[in-house]
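Peer 1: Structure: input_30.cif, mmCIF, C-alpha atoms.
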data_my_file
#
loop_
_atom_site.label_atom_id
_atom_site.label_comp_id
_atom_site.auth_asym_id
_atom_site.auth_seq_id
_atom_site.Cartn_x
_atom_site.Cartn_y
_atom_site.Cartn_z
CA MET F 29 -106.48 25.69 28.58
CA LEU F 30 -103.17 26.63 30.16
CA MET F 31 -103.22 23.54 32.39
CA GLY F 32 -103.80 21.34 29.34
CA VAL F 33 -100.71 22.79 27.61
CA VAL F 34 -98.61 22.23 30.79
CA ASP F 35 -99.77 18.61 31.02
CA SER F 36 -98.86 18.03 27.35
CA VAL F 37 -95.33 19.40 27.90
CA LYS F 38 -94.85 17.17 30.98
CA ARG F 39 -95.89 14.08 29.04
CA MET F 40 -93.43 14.94 26.25
CA MET F 41 -90.66 15.15 28.86
CA GLY F 42 -91.43 11.66 30.16
CA TRP F 43 -93.32 12.55 33.33
CA CYS F 44 -96.05 10.12 34.29
CA PRO F 45 -99.03 11.73 36.00
CA ASN F 46 -99.80 8.52 37.94
CA ALA F 47 -96.43 8.51 39.74
CA THR F 48 -96.22 10.64 42.87
CA THR F 49 -93.19 12.44 44.22
CA ALA F 50 -93.13 10.29 47.36
CA LYS F 51 -92.97 7.13 45.28
CA TYR F 52 -89.89 8.42 43.44
CA LYS F 53 -88.18 9.16 46.76
CA THR F 54 -88.78 5.70 48.18
CA THR F 55 -87.45 3.82 45.14
CA PRO F 56 -84.30 1.95 46.35
CA HIS F 57 -80.98 2.38 44.56
CA VAL F 58 -79.92 -0.76 42.70
CA ASP F 59 -76.19 -1.56 42.35
CA PHE F 60 -75.63 -4.00 39.54
CA VAL F 61 -71.95 -4.58 40.49
CA ASN F 62 -71.40 -7.65 42.62
CA PRO F 63 -68.37 -6.88 44.83
CA LEU F 64 -67.91 -10.56 45.67
CA GLN F 65 -67.13 -11.35 42.05
CA THR F 66 -64.56 -8.61 41.63
CA PRO F 67 -61.08 -10.18 41.33
CA SER F 68 -58.87 -9.37 44.31
CA GLY F 69 -55.57 -9.75 42.46
CA ARG F 70 -54.08 -12.61 44.49
CA SER F 71 -57.21 -14.67 45.02
CA ASN F 72 -56.85 -16.29 41.58
CA VAL F 73 -53.26 -17.48 41.99
CA GLU F 74 -52.45 -20.28 39.59
CA ASN F 75 -50.21 -23.26 40.22
CA VAL F 76 -46.73 -22.92 38.76
CA GLN F 77 -44.87 -25.52 36.72
CA SER F 78 -41.66 -24.68 34.89
CA LYS F 79 -38.63 -26.46 33.44
CA ASN F 80 -36.86 -23.22 32.61
CA VAL F 81 -34.91 -23.38 35.87
CA MET F 82 -31.39 -24.14 37.05
CA PHE F 83 -30.15 -24.86 40.57
CA SER F 84 -26.85 -23.68 41.98
CA ALA F 85 -26.48 -27.04 43.72
CA ASN F 86 -26.55 -28.83 40.36
CA THR F 87 -24.01 -26.42 38.85
CA PHE F 88 -21.67 -26.90 41.81
CA LEU F 89 -21.97 -30.68 41.61
CA SER F 90 -21.30 -30.72 37.86
CA THR F 91 -18.26 -28.45 38.21
CA PHE F 92 -16.88 -30.49 41.11
CA CYS F 93 -17.24 -33.80 39.25
CA PHE F 94 -15.58 -32.39 36.14
CA LEU F 95 -12.61 -30.92 38.01
CA MET F 96 -12.07 -34.11 40.01
CA GLY F 97 -12.34 -36.32 36.92
CA PHE F 98 -10.06 -34.17 34.79
CA ASN F 99 -7.53 -33.95 37.62
CA LEU F 100 -7.47 -37.74 37.97
CA ILE F 101 -6.99 -38.24 34.25
CA SER F 102 -4.31 -35.58 33.79
CA ASN F 103 -2.24 -36.50 36.86
CA LEU F 104 -2.81 -40.17 37.68
CA PHE F 105 -3.76 -41.92 34.47
CA ARG F 106 -1.91 -40.11 31.70
CA ASN F 107 1.15 -42.39 32.02
CA LEU F 108 -0.94 -45.50 31.50
CA ASP F 109 -0.96 -47.52 28.35
CA TYR F 110 -3.44 -46.41 25.70
CA SER F 111 -5.42 -49.62 26.11
CA LEU F 112 -6.24 -48.54 29.69
CA LEU F 113 -6.19 -44.77 29.34
CA ILE F 114 -8.84 -44.56 26.60
CA PRO F 115 -11.47 -46.71 28.43
CA ILE F 116 -10.89 -44.71 31.64
CA ILE F 117 -11.41 -41.44 29.74
CA VAL F 118 -14.59 -42.76 28.13
CA VAL F 119 -16.00 -43.93 31.49
CA LEU F 120 -15.21 -40.70 33.39
CA TYR F 121 -16.46 -38.39 30.66
CA SER F 122 -19.61 -40.51 30.24
CA PHE F 123 -20.28 -40.23 33.97
CA PHE F 124 -19.82 -36.47 33.86
CA TYR F 125 -22.08 -36.25 30.81
CA PHE F 126 -24.75 -38.14 32.78
CA ILE F 127 -24.44 -35.64 35.64
CA VAL F 128 -24.97 -32.74 33.23
CA LEU F 129 -27.97 -34.41 31.58
CA LYS F 130 -29.48 -35.03 35.00
CA SER F 131 -29.02 -31.40 35.98
CA PHE F 132 -30.82 -30.33 32.78
CA GLN F 133 -33.91 -32.24 33.94
CA ALA F 134 -34.51 -29.70 36.71
CA SER F 135 -38.04 -28.38 37.22
CA VAL F 136 -40.20 -26.55 39.76
CA SER F 137 -43.81 -27.32 40.63
CA ILE F 138 -45.87 -25.21 43.06
CA ASP F 139 -49.38 -26.12 44.15
CA GLN F 140 -51.60 -25.52 47.16
CA ASN F 141 -49.89 -28.31 49.12
CA SER F 142 -46.15 -27.64 48.77
CA VAL F 143 -43.21 -26.57 46.60
CA HIS F 144 -41.57 -29.37 44.62
CA LEU F 145 -37.95 -28.90 43.50
CA LYS F 146 -36.76 -31.61 41.14
CA SER F 147 -33.11 -32.56 40.63
CA ILE F 148 -31.36 -30.46 43.27
CA GLY F 149 -28.19 -32.41 43.94
CA LEU F 150 -29.67 -35.28 41.85
CA LYS F 151 -32.64 -35.66 44.18
CA ASP F 152 -36.13 -34.25 44.57
CA ILE F 153 -37.04 -31.93 47.45
CA THR F 154 -40.49 -31.04 48.78
CA LEU F 155 -40.88 -27.88 50.87
CA ASN F 156 -43.95 -27.39 53.04
CA TYR F 157 -45.16 -23.82 53.30
CA LYS F 158 -44.85 -23.85 57.09
CA ASP F 159 -41.09 -24.47 56.67
CA ILE F 160 -40.54 -21.55 54.28
CA LYS F 161 -39.38 -18.33 55.93
CA SER F 162 -39.00 -15.99 52.97
CA VAL F 163 -38.79 -15.74 49.18
CA THR F 164 -36.37 -13.17 47.77
CA PRO F 165 -35.69 -12.48 44.07
CA ASN F 166 -32.36 -11.12 42.89
CA LYS F 167 -31.63 -9.79 39.41
CA LEU F 168 -28.71 -11.47 37.67
CA ILE F 169 -26.38 -10.02 35.09
CA LYS F 170 -27.37 -11.80 31.91
CA SER F 171 -24.57 -14.14 30.94
CA SER F 172 -23.40 -14.56 27.39
CA SER F 173 -21.69 -17.35 25.46
CA ALA F 174 -18.43 -15.39 25.33
CA TRP F 175 -16.86 -17.50 28.08
CA ILE F 176 -17.50 -20.66 26.06
CA ALA F 177 -15.78 -19.13 23.05
CA ILE F 178 -12.82 -18.15 25.23
CA MET F 179 -12.63 -21.66 26.70
CA LEU F 180 -12.70 -23.24 23.24
CA MET F 181 -9.95 -20.88 22.09
CA ILE F 182 -7.79 -21.78 25.08
CA LEU F 183 -8.34 -25.50 24.45
CA ALA F 184 -7.45 -25.09 20.77
CA ILE F 185 -4.23 -23.27 21.66
CA LEU F 186 -3.40 -25.91 24.27
CA LEU F 187 -4.00 -28.72 21.80
CA ALA F 188 -1.79 -27.01 19.22
CA TYR F 189 0.98 -26.68 21.80
CA LEU F 190 0.64 -30.33 22.81
CA VAL F 191 0.84 -31.44 19.18
CA ILE F 192 4.04 -29.46 18.74
CA SER F 193 5.41 -30.94 21.98
CA LYS F 194 4.22 -34.45 20.97
CA GLU F 195 2.34 -34.94 24.24
CA TRP F 196 0.01 -37.49 22.73
CA GLN F 197 -1.43 -38.79 25.98
CA LEU F 198 -2.52 -35.32 27.05
CA ILE F 199 -3.99 -34.77 23.60
CA ILE F 200 -6.08 -37.92 24.00
CA THR F 201 -7.16 -36.64 27.41
CA ILE F 202 -8.21 -33.14 26.27
CA ALA F 203 -9.46 -33.74 22.73
CA PRO F 204 -12.80 -35.36 23.78
CA LEU F 205 -13.68 -32.15 25.64
CA LEU F 206 -14.22 -30.21 22.40
CA PRO F 207 -17.25 -32.15 21.05
CA TRP F 208 -18.50 -32.54 24.61
CA LEU F 209 -18.51 -28.76 25.14
CA PHE F 210 -20.34 -28.20 21.85
CA SER F 211 -22.96 -30.79 22.85
CA VAL F 212 -23.49 -29.26 26.30
CA LYS F 213 -23.80 -25.76 24.80
CA HIS F 214 -26.38 -27.02 22.30
CA MET F 215 -28.44 -28.62 25.08
CA TYR F 216 -28.18 -25.48 27.21
CA ASP F 217 -29.37 -23.18 24.41
CA ARG F 218 -32.27 -25.50 23.61
CA GLN F 219 -33.37 -25.99 27.23
CA TYR F 220 -33.04 -22.57 28.83
CA HIS F 221 -34.22 -19.09 27.87
CA ASP F 222 -33.59 -15.70 29.52
CA LEU F 223 -32.28 -16.93 32.86
CA ASP F 224 -31.82 -13.51 34.46
CA THR F 225 -33.33 -13.85 37.96
CA GLN F 226 -32.19 -15.80 41.02
CA LEU F 227 -34.87 -16.69 43.56
CA TYR F 228 -33.80 -17.51 47.13
CA VAL F 229 -36.24 -19.68 49.09
CA GLU F 230 -35.25 -19.62 52.76
CA HIS F 231 -36.36 -22.64 54.79
CA LYS F 232 -36.36 -23.28 58.54
CA ASN F 233 -35.11 -26.87 58.72
CA LYS F 234 -31.49 -26.51 57.62
CA LYS F 235 -29.59 -29.80 57.51
CA TRP F 236 -26.09 -30.09 58.97
CA TYR F 237 -24.51 -30.64 55.55
CA GLU F 238 -26.18 -27.61 53.95
CA LEU F 239 -24.00 -24.53 53.73
CA THR F 240 -26.91 -22.06 53.75
CA PRO F 241 -30.64 -22.22 54.60
CA TYR F 242 -31.47 -21.07 51.05
CA TYR F 243 -32.50 -22.97 47.95
CA SER F 244 -31.25 -20.99 44.97
CA ILE F 245 -33.42 -21.17 41.84
CA ILE F 246 -32.25 -19.47 38.65
CA THR F 247 -34.99 -18.74 36.12
CA ASP F 248 -36.50 -15.97 34.01
CA GLU F 249 -38.07 -12.86 35.53
CA ILE F 250 -41.70 -13.77 34.74
CA THR F 251 -41.41 -17.28 36.20
CA ALA F 252 -39.64 -15.94 39.29
CA SER F 253 -42.45 -13.43 39.85
CA ARG F 254 -45.12 -16.12 39.47
CA MET F 255 -43.26 -18.43 41.85
CA GLN F 256 -42.86 -15.71 44.48
CA THR F 257 -46.53 -14.74 44.23
CA ALA F 258 -47.71 -18.35 44.49
CA ILE F 259 -45.48 -19.22 47.45
CA GLU F 260 -46.38 -16.09 49.40
CA HIS F 261 -50.09 -16.63 48.66
CA TYR F 262 -50.18 -20.29 49.75
CA LYS F 263 -47.86 -19.55 52.69
CA GLY F 264 -50.25 -16.86 53.92
CA ALA F 265 -53.25 -19.15 53.46
CA LYS F 266 -51.82 -21.85 55.73
#
Here is the file; what I need is its structure written in the form of C-alpha coordinates.
Peer 2:
Amino acid sequence: MLMGVVDSVKRMMGWCPNATTAKYKTTPHVDFVNPLQTPSGRSNVENVQSKNVMFSANTFLSTFCFLMGFNLISNLFRNLDYSLLIPIIVVLYSFFYFIVLKSFQASVSIDQNSVHLKSIGLKDITLNYKDIKSVTPNKLIKSSSAWIAIMLMILAILLAYLVISKEWQLIITIAPLLPWLFSVKHMYDRQYHDLDTQLYVEHKNKKWYELTPYYSIITDEITASRMQTAIEHYKGAK
(Lines of atoms letter the chains of each structure in order from A and count residues from 1; the text may use other names and numbers.)
(Lines give C-alpha, C1' and ligand atoms only; values in the text may rest on other atoms or scores of the structure.)
Protein backbone atom coordinates (compact mmCIF):
# COMPACT_ATOMS: atom_id res chain seq x y z
CA MET A 1 0.00 0.00 0.00
CA LEU A 2 2.74 2.42 1.00
CA MET A 3 4.78 1.59 -2.12
CA GLY A 4 1.74 2.28 -4.30
CA VAL A 5 1.34 5.76 -2.78
CA VAL A 6 5.08 6.49 -3.31
CA ASP A 7 4.84 5.42 -6.96
CA SER A 8 1.81 7.68 -7.49
CA VAL A 9 3.68 10.69 -6.05
CA LYS A 10 6.71 9.99 -8.29
CA ARG A 11 4.52 9.86 -11.39
CA MET A 12 2.88 13.18 -10.46
CA MET A 13 6.37 14.73 -10.20
CA GLY A 14 7.27 13.59 -13.73
CA TRP A 15 9.46 10.61 -12.91
CA CYS A 16 9.29 7.77 -15.40
CA PRO A 17 9.72 4.33 -13.87
CA ASN A 18 11.22 2.95 -17.11
CA ALA A 19 14.17 5.37 -17.07
CA THR A 20 17.15 4.30 -14.96
CA THR A 21 19.56 6.53 -13.11
CA ALA A 22 22.48 5.43 -15.28
CA LYS A 23 20.62 6.45 -18.42
CA TYR A 24 20.12 9.97 -17.05
CA LYS A 25 23.84 10.25 -16.30
CA THR A 26 24.92 9.23 -19.79
CA THR A 27 22.63 11.67 -21.61
CA PRO A 28 24.95 14.15 -23.43
CA HIS A 29 24.59 17.90 -22.91
CA VAL A 30 23.28 19.66 -26.01
CA ASP A 31 24.39 23.25 -26.73
CA PHE A 32 22.02 24.91 -29.13
CA VAL A 33 24.31 27.95 -29.64
CA ASN A 34 26.49 27.71 -32.72
CA PRO A 35 29.70 29.64 -31.90
CA LEU A 36 30.65 29.82 -35.58
CA GLN A 37 27.61 31.95 -36.32
CA THR A 38 28.22 34.42 -33.52
CA PRO A 39 29.28 37.78 -35.01
CA SER A 40 32.88 38.65 -34.18
CA GLY A 41 32.45 42.42 -34.47
CA ARG A 42 34.89 43.08 -37.33
CA SER A 43 34.17 40.04 -39.46
CA ASN A 44 31.14 41.73 -41.04
CA VAL A 45 32.91 44.91 -42.15
CA GLU A 46 31.00 46.65 -44.91
CA ASN A 47 32.45 48.54 -47.85
CA VAL A 48 32.44 52.30 -47.42
CA GLN A 49 31.28 54.86 -49.96
CA SER A 50 30.83 58.51 -49.05
CA LYS A 51 30.66 61.91 -50.75
CA ASN A 52 30.57 63.79 -47.46
CA VAL A 53 34.34 64.33 -47.61
CA MET A 54 36.79 67.14 -48.30
CA PHE A 55 40.51 66.95 -49.03
CA SER A 56 43.08 69.42 -47.79
CA ALA A 57 44.84 69.17 -51.16
CA ASN A 58 41.71 70.44 -52.92
CA THR A 59 41.29 73.30 -50.44
CA PHE A 60 44.92 74.34 -50.90
CA LEU A 61 44.62 74.22 -54.68
CA SER A 62 41.42 76.29 -54.68
CA THR A 63 42.91 78.91 -52.35
CA PHE A 64 46.13 79.10 -54.38
CA CYS A 65 44.27 79.57 -57.68
CA PHE A 66 42.04 82.26 -56.21
CA LEU A 67 44.91 84.25 -54.69
CA MET A 68 46.97 84.05 -57.89
CA GLY A 69 44.01 85.04 -60.08
CA PHE A 70 42.92 87.92 -57.86
CA ASN A 71 46.51 89.16 -57.61
CA LEU A 72 46.86 89.16 -61.40
CA ILE A 73 43.61 91.06 -61.86
CA SER A 74 44.22 93.64 -59.14
CA ASN A 75 47.85 94.39 -60.04
CA LEU A 76 48.39 93.63 -63.73
CA PHE A 77 45.06 94.03 -65.47
CA ARG A 78 43.22 96.76 -63.60
CA ASN A 79 44.69 99.52 -65.81
CA LEU A 80 43.41 97.86 -68.96
CA ASP A 81 40.49 99.10 -70.96
CA TYR A 82 37.09 97.81 -69.87
CA SER A 83 36.71 95.90 -73.13
CA LEU A 84 39.69 93.74 -72.10
CA LEU A 85 39.39 93.83 -68.33
CA ILE A 86 35.84 92.44 -68.14
CA PRO A 87 36.51 89.35 -70.37
CA ILE A 88 39.70 88.61 -68.39
CA ILE A 89 37.74 88.79 -65.11
CA VAL A 90 35.04 86.50 -66.49
CA VAL A 91 37.59 83.94 -67.71
CA LEU A 92 39.64 83.86 -64.48
CA TYR A 93 36.64 83.70 -62.17
CA SER A 94 35.04 81.01 -64.36
CA PHE A 95 38.23 78.94 -64.12
CA PHE A 96 38.30 79.33 -60.36
CA TYR A 97 34.61 78.41 -60.16
CA PHE A 98 35.40 75.23 -62.12
CA ILE A 99 38.16 74.36 -59.64
CA VAL A 100 35.74 74.73 -56.73
CA LEU A 101 33.05 72.64 -58.45
CA LYS A 102 35.63 69.94 -59.14
CA SER A 103 36.70 69.91 -55.50
CA PHE A 104 33.06 69.46 -54.44
CA GLN A 105 32.94 66.21 -56.43
CA ALA A 106 35.26 64.52 -53.93
CA SER A 107 34.38 61.04 -52.69
CA VAL A 108 35.89 58.03 -50.92
CA SER A 109 35.30 54.38 -51.78
CA ILE A 110 36.74 51.49 -49.74
CA ASP A 111 36.39 47.85 -50.73
CA GLN A 112 38.31 44.63 -50.20
CA ASN A 113 40.78 45.52 -52.97
CA SER A 114 41.90 49.09 -52.22
CA VAL A 115 41.04 52.61 -51.07
CA HIS A 116 39.84 54.95 -53.82
CA LEU A 117 40.20 58.71 -53.25
CA LYS A 118 38.48 60.79 -55.92
CA SER A 119 39.42 64.37 -56.79
CA ILE A 120 42.53 64.92 -54.67
CA GLY A 121 44.37 67.62 -56.57
CA LEU A 122 41.88 67.13 -59.44
CA LYS A 123 42.88 63.50 -59.91
CA ASP A 124 41.89 60.10 -58.58
CA ILE A 125 44.20 58.10 -56.31
CA THR A 126 44.09 54.39 -55.49
CA LEU A 127 45.87 53.14 -52.36
CA ASN A 128 46.69 49.47 -51.96
CA TYR A 129 46.47 48.16 -48.42
CA LYS A 130 50.08 46.99 -48.47
CA ASP A 131 51.14 50.63 -49.01
CA ILE A 132 49.15 52.00 -46.06
CA LYS A 133 51.12 52.35 -42.83
CA SER A 134 48.54 53.80 -40.46
CA VAL A 135 45.12 55.44 -40.17
CA THR A 136 44.75 58.16 -37.53
CA PRO A 137 41.60 60.20 -36.80
CA ASN A 138 41.80 63.69 -35.36
CA LYS A 139 38.87 65.68 -33.98
CA LEU A 140 38.39 69.09 -35.59
CA ILE A 141 36.90 72.19 -34.07
CA LYS A 142 33.59 72.55 -35.83
CA SER A 143 33.77 75.56 -38.10
CA SER A 144 30.95 78.02 -38.47
CA SER A 145 29.83 80.40 -41.21
CA ALA A 146 30.97 83.42 -39.18
CA TRP A 147 34.11 83.85 -41.27
CA ILE A 148 32.00 84.11 -44.43
CA ALA A 149 29.89 86.82 -42.84
CA ILE A 150 33.04 88.69 -41.81
CA MET A 151 34.46 88.38 -45.34
CA LEU A 152 31.25 89.68 -46.89
CA MET A 153 31.24 92.61 -44.46
CA ILE A 154 34.84 93.47 -45.34
CA LEU A 155 34.04 93.29 -49.06
CA ALA A 156 30.99 95.52 -48.60
CA ILE A 157 33.06 98.11 -46.72
CA LEU A 158 35.79 97.93 -49.36
CA LEU A 159 33.27 98.39 -52.17
CA ALA A 160 31.75 101.39 -50.39
CA TYR A 161 35.20 102.94 -50.02
CA LEU A 162 36.00 102.32 -53.69
CA VAL A 163 32.73 103.93 -54.76
CA ILE A 164 33.56 107.00 -52.71
CA SER A 165 37.08 107.05 -54.19
CA LYS A 166 35.68 106.43 -57.71
CA GLU A 167 37.97 103.44 -58.27
CA TRP A 168 35.68 101.94 -60.86
CA GLN A 169 38.13 99.38 -62.21
CA LEU A 170 38.69 97.88 -58.78
CA ILE A 171 34.94 97.85 -58.24
CA ILE A 172 34.50 95.84 -61.43
CA THR A 173 37.23 93.49 -60.20
CA ILE A 174 35.78 92.89 -56.71
CA ALA A 175 32.02 93.11 -57.31
CA PRO A 176 31.71 89.66 -59.01
CA LEU A 177 33.08 88.06 -55.83
CA LEU A 178 29.89 88.76 -53.88
CA PRO A 179 27.48 86.54 -55.87
CA TRP A 180 30.27 84.02 -56.32
CA LEU A 181 30.76 83.72 -52.55
CA PHE A 182 27.02 83.29 -52.00
CA SER A 183 26.94 80.55 -54.65
CA VAL A 184 29.91 78.69 -53.15
CA LYS A 185 28.41 78.90 -49.65
CA HIS A 186 25.11 77.52 -50.95
CA MET A 187 26.87 74.58 -52.62
CA TYR A 188 28.94 73.92 -49.49
CA ASP A 189 25.90 73.86 -47.19
CA ARG A 190 24.04 71.55 -49.57
CA GLN A 191 26.95 69.14 -50.11
CA TYR A 192 28.57 68.75 -46.69
CA HIS A 193 27.23 67.95 -43.23
CA ASP A 194 28.98 67.82 -39.84
CA LEU A 195 32.58 67.77 -41.08
CA ASP A 196 34.23 67.49 -37.66
CA THR A 197 36.88 64.76 -38.07
CA GLN A 198 40.13 64.68 -40.02
CA LEU A 199 41.45 61.25 -40.99
CA TYR A 200 45.15 60.88 -41.81
CA VAL A 201 46.01 57.92 -44.05
CA GLU A 202 49.79 57.42 -44.01
CA HIS A 203 51.23 55.68 -47.06
CA LYS A 204 54.69 54.25 -47.74
CA ASN A 205 55.34 55.42 -51.30
CA LYS A 206 55.72 59.17 -50.86
CA LYS A 207 56.35 61.05 -54.10
CA TRP A 208 59.05 63.71 -54.33
CA TYR A 209 56.50 66.50 -54.82
CA GLU A 210 54.38 65.52 -51.82
CA LEU A 211 55.02 67.53 -48.68
CA THR A 212 53.92 64.79 -46.28
CA PRO A 213 53.26 61.03 -46.52
CA TYR A 214 49.67 61.60 -45.36
CA TYR A 215 46.41 61.89 -47.25
CA SER A 216 44.14 64.14 -45.22
CA ILE A 217 40.42 63.36 -45.42
CA ILE A 218 37.93 65.63 -43.67
CA THR A 219 34.54 64.05 -42.97
CA ASP A 220 32.00 63.41 -40.22
CA GLU A 221 32.80 61.30 -37.16
CA ILE A 222 30.67 58.28 -38.14
CA THR A 223 32.13 58.07 -41.65
CA ALA A 224 35.67 58.47 -40.30
CA SER A 225 35.10 55.61 -37.85
CA ARG A 226 33.72 53.36 -40.60
CA MET A 227 36.63 54.21 -42.89
CA GLN A 228 39.21 53.50 -40.18
CA THR A 229 37.57 50.19 -39.29
CA ALA A 230 37.35 49.08 -42.93
CA ILE A 231 40.95 50.03 -43.78
CA GLU A 232 42.40 48.36 -40.69
CA HIS A 233 40.28 45.25 -41.29
CA TYR A 234 41.26 44.83 -44.96
CA LYS A 235 44.86 45.81 -44.20
CA GLY A 236 45.07 43.07 -41.58
CA ALA A 237 43.49 40.54 -43.93
CA LYS A 238 46.14 41.04 -46.61
Peer 1: Nearest to Phe132 of chain F: which of F:Val76, F:Ala177, F:Leu150, F:Leu205 is it, counting all atoms listed in the file?
Peer 2: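 That would be F:Leu150, the residue with the smallest distance to Phe132 of chain F.
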Peer 1: Excluding same-chain residues fewer than 5 positions from Tyr228 of chain F, what lies within 7 Å of it counting all atoms listed in the file, as a VMD selection string?
Peer 2: chain F and resid 163 to 165 242 to 245
Peer 1: Please provide as an NGL selection string all residues within 12 Å of Leu187 of chain F, with the sequence filter that same-chain residues fewer than 3 positions apart are discarded (counting all atoms listed in the file).
Peer 2: :F and (180-184 or 190-206)
Peer 1: Could you jot down the atom CA of Ile160 of chain F to atom CA of Leu89 of chain F separation for me, Å, one decimal place?
Peer 2: 24.3 Å
Peer 1: Which residues, named as in the file, does the PyMOL selection byres ((chain F and resi 145-147) around 7) pick out? Answer as a list of chain:residue names.
Peer 2: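 Matching residues under the PyMOL selection byres ((chain F and resi 145-147) around 7) are F:Ser131, F:Gln133, F:Ala134, F:Ser135, F:Val136, F:Ser137, F:Val143, F:His144, F:Ile148, F:Gly149, F:Leu150, F:Lys151, F:Asp152, F:Ile153, F:Thr154.
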Peer 1: What gap, in Å, lies between atom CA of Leu104 of chain F and atom CA of Phe210 of chain F?
Peer 2: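 Atom CA of Leu104 of chain F sits 26.5 Å away from atom CA of Phe210 of chain F.
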Peer 1: Report as a count of residues only the residues that result from applying the PyMOL selection byres ((chain F and resi 125) around 12) to the structure here.
Peer 2: 28
Peer 1: Tell me which residues the PyMOL selection byres ((chain F and resi 262) around 9) grabs here, as a PyMOL selection string.
Peer 2: chain F and resi 73+139-142+157+257-261+263-266
Peer 1: What is the distance, in Å and to one decimal place, between atom CA of Gln219 of chain F and atom CA of Ala85 of chain F?
Peer 2: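 Those two atoms sit 17.9 Å apart.
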Peer 1: When you look at Asp248 of chain F with a cut-off of 10 Å (counting all atoms listed in the file), what residues show up, excluding the ones that are within fewer than 4 positions of it in the same chain? I need them as a list in words.
Peer 2: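 Returned residues: Asn80, Val81, Lys167, Leu168, Tyr220, His221, Asp222, Leu223, Asp224, Thr225, Gln226, Leu227, Ala252 and Ser253 of chain F.
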Peer 1: With C-alpha atoms kept, could you save the residues just selected as an mmCIF file, in the coordinates of the input?
Peer 2:
data_model
loop_
_atom_site.group_PDB
_atom_site.id
_atom_site.type_symbol
_atom_site.label_atom_id
_atom_site.label_comp_id
_atom_site.auth_asym_id
_atom_site.auth_seq_id
_atom_site.Cartn_x
_atom_site.Cartn_y
_atom_site.Cartn_z
ATOM 1 C CA ASN F 80 -36.860 -23.220 32.610
ATOM 2 C CA VAL F 81 -34.910 -23.380 35.870
ATOM 3 C CA LYS F 167 -31.630 -9.790 39.410
ATOM 4 C CA LEU F 168 -28.710 -11.470 37.670
ATOM 5 C CA TYR F 220 -33.040 -22.570 28.830
ATOM 6 C CA HIS F 221 -34.220 -19.090 27.870
ATOM 7 C CA ASP F 222 -33.590 -15.700 29.520
ATOM 8 C CA LEU F 223 -32.280 -16.930 32.860
ATOM 9 C CA ASP F 224 -31.820 -13.510 34.460
ATOM 10 C CA THR F 225 -33.330 -13.850 37.960
ATOM 11 C CA GLN F 226 -32.190 -15.800 41.020
ATOM 12 C CA LEU F 227 -34.870 -16.690 43.560
ATOM 13 C CA ALA F 252 -39.640 -15.940 39.290
ATOM 14 C CA SER F 253 -42.450 -13.430 39.850
#
Peer 1: With all atoms listed in the file as the counted atoms, please give the residues lying no more than 10 Å from Pro241 of chain F, apart from itself and same-chain residues fewer than 2 positions off, as a short mmCIF file (atom, residue, chain, number, x, y, z; two decimals) with C-alpha atoms, in the frame of the given file.
Peer 2:
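result18.cif was written with the following content:
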data_model
loop_
_atom_site.label_atom_id
_atom_site.label_comp_id
_atom_site.auth_asym_id
_atom_site.auth_seq_id
_atom_site.Cartn_x
_atom_site.Cartn_y
_atom_site.Cartn_z
CA ILE F 160 -40.54 -21.55 54.28
CA LYS F 161 -39.38 -18.33 55.93
CA TYR F 228 -33.80 -17.51 47.13
CA VAL F 229 -36.24 -19.68 49.09
CA GLU F 230 -35.25 -19.62 52.76
CA HIS F 231 -36.36 -22.64 54.79
CA LYS F 232 -36.36 -23.28 58.54
CA ASN F 233 -35.11 -26.87 58.72
CA LYS F 234 -31.49 -26.51 57.62
CA LYS F 235 -29.59 -29.80 57.51
CA GLU F 238 -26.18 -27.61 53.95
CA LEU F 239 -24.00 -24.53 53.73
CA TYR F 243 -32.50 -22.97 47.95
CA SER F 244 -31.25 -20.99 44.97
#
Peer 1: Produce the centre coordinates and the three edge lengths, each in Å to one decimal, of the box along x, y and z that contains all listed atoms of segment 192-196 of chain F with 6 Å added on each side, as JSON.
Peer 2:
{"center_x": 2.7, "center_y": -33.5, "center_z": 21.5, "size_x": 17.4, "size_y": 20.0, "size_z": 17.5}
Peer 1: For segment 229-241 of chain F, where the input has fewer atoms than it should, I would like N, CA and C atoms rebuilt and written as a JSON list (two decimals), in the coordinates of the input.
Peer 2:
[["chain", "number", "residue", "atom", "x", "y", "z"],
["F", 229, "VAL", "N", -35.17, -19.17, 48.22],
["F", 229, "VAL", "CA", -36.24, -19.68, 49.09],
["F", 229, "VAL", "C", -35.60, -20.11, 50.41],
["F", 230, "GLU", "N", -35.84, -19.34, 51.45],
["F", 230, "GLU", "CA", -35.25, -19.62, 52.76],
["F", 230, "GLU", "C", -36.16, -20.58, 53.54],
["F", 231, "HIS", "N", -35.58, -21.66, 54.04],
["F", 231, "HIS", "CA", -36.36, -22.64, 54.79],
["F", 231, "HIS", "C", -35.84, -22.73, 56.22],
["F", 232, "LYS", "N", -36.68, -23.24, 57.11],
["F", 232, "LYS", "CA", -36.36, -23.28, 58.54],
["F", 232, "LYS", "C", -35.51, -24.49, 58.92],
["F", 233, "ASN", "N", -35.76, -25.62, 58.30],
["F", 233, "ASN", "CA", -35.11, -26.87, 58.72],
["F", 233, "ASN", "C", -33.82, -27.10, 57.93],
["F", 234, "LYS", "N", -32.78, -26.37, 58.28],
["F", 234, "LYS", "CA", -31.49, -26.51, 57.62],
["F", 234, "LYS", "C", -30.78, -27.76, 58.12],
["F", 235, "LYS", "N", -30.32, -28.59, 57.16],
["F", 235, "LYS", "CA", -29.59, -29.80, 57.51],
["F", 235, "LYS", "C", -28.13, -29.46, 57.84],
["F", 236, "TRP", "N", -27.47, -30.36, 58.53],
["F", 236, "TRP", "CA", -26.09, -30.09, 58.97],
["F", 236, "TRP", "C", -25.12, -29.98, 57.79],
["F", 237, "TYR", "N", -25.41, -30.66, 56.69],
["F", 237, "TYR", "CA", -24.51, -30.64, 55.55],
["F", 237, "TYR", "C", -24.81, -29.50, 54.58],
["F", 238, "GLU", "N", -25.84, -28.73, 54.82],
["F", 238, "GLU", "CA", -26.18, -27.61, 53.95],
["F", 238, "GLU", "C", -25.41, -26.36, 54.38],
["F", 239, "LEU", "N", -24.80, -25.71, 53.42],
["F", 239, "LEU", "CA", -24.00, -24.53, 53.73],
["F", 239, "LEU", "C", -24.87, -23.33, 54.10],
["F", 240, "THR", "N", -26.01, -23.18, 53.47],
["F", 240, "THR", "CA", -26.91, -22.06, 53.75],
["F", 240, "THR", "C", -28.34, -22.58, 53.88],
["F", 241, "PRO", "N", -29.22, -21.81, 54.50],
["F", 241, "PRO", "CA", -30.64, -22.22, 54.60],
["F", 241, "PRO", "C", -31.45, -21.82, 53.37]]
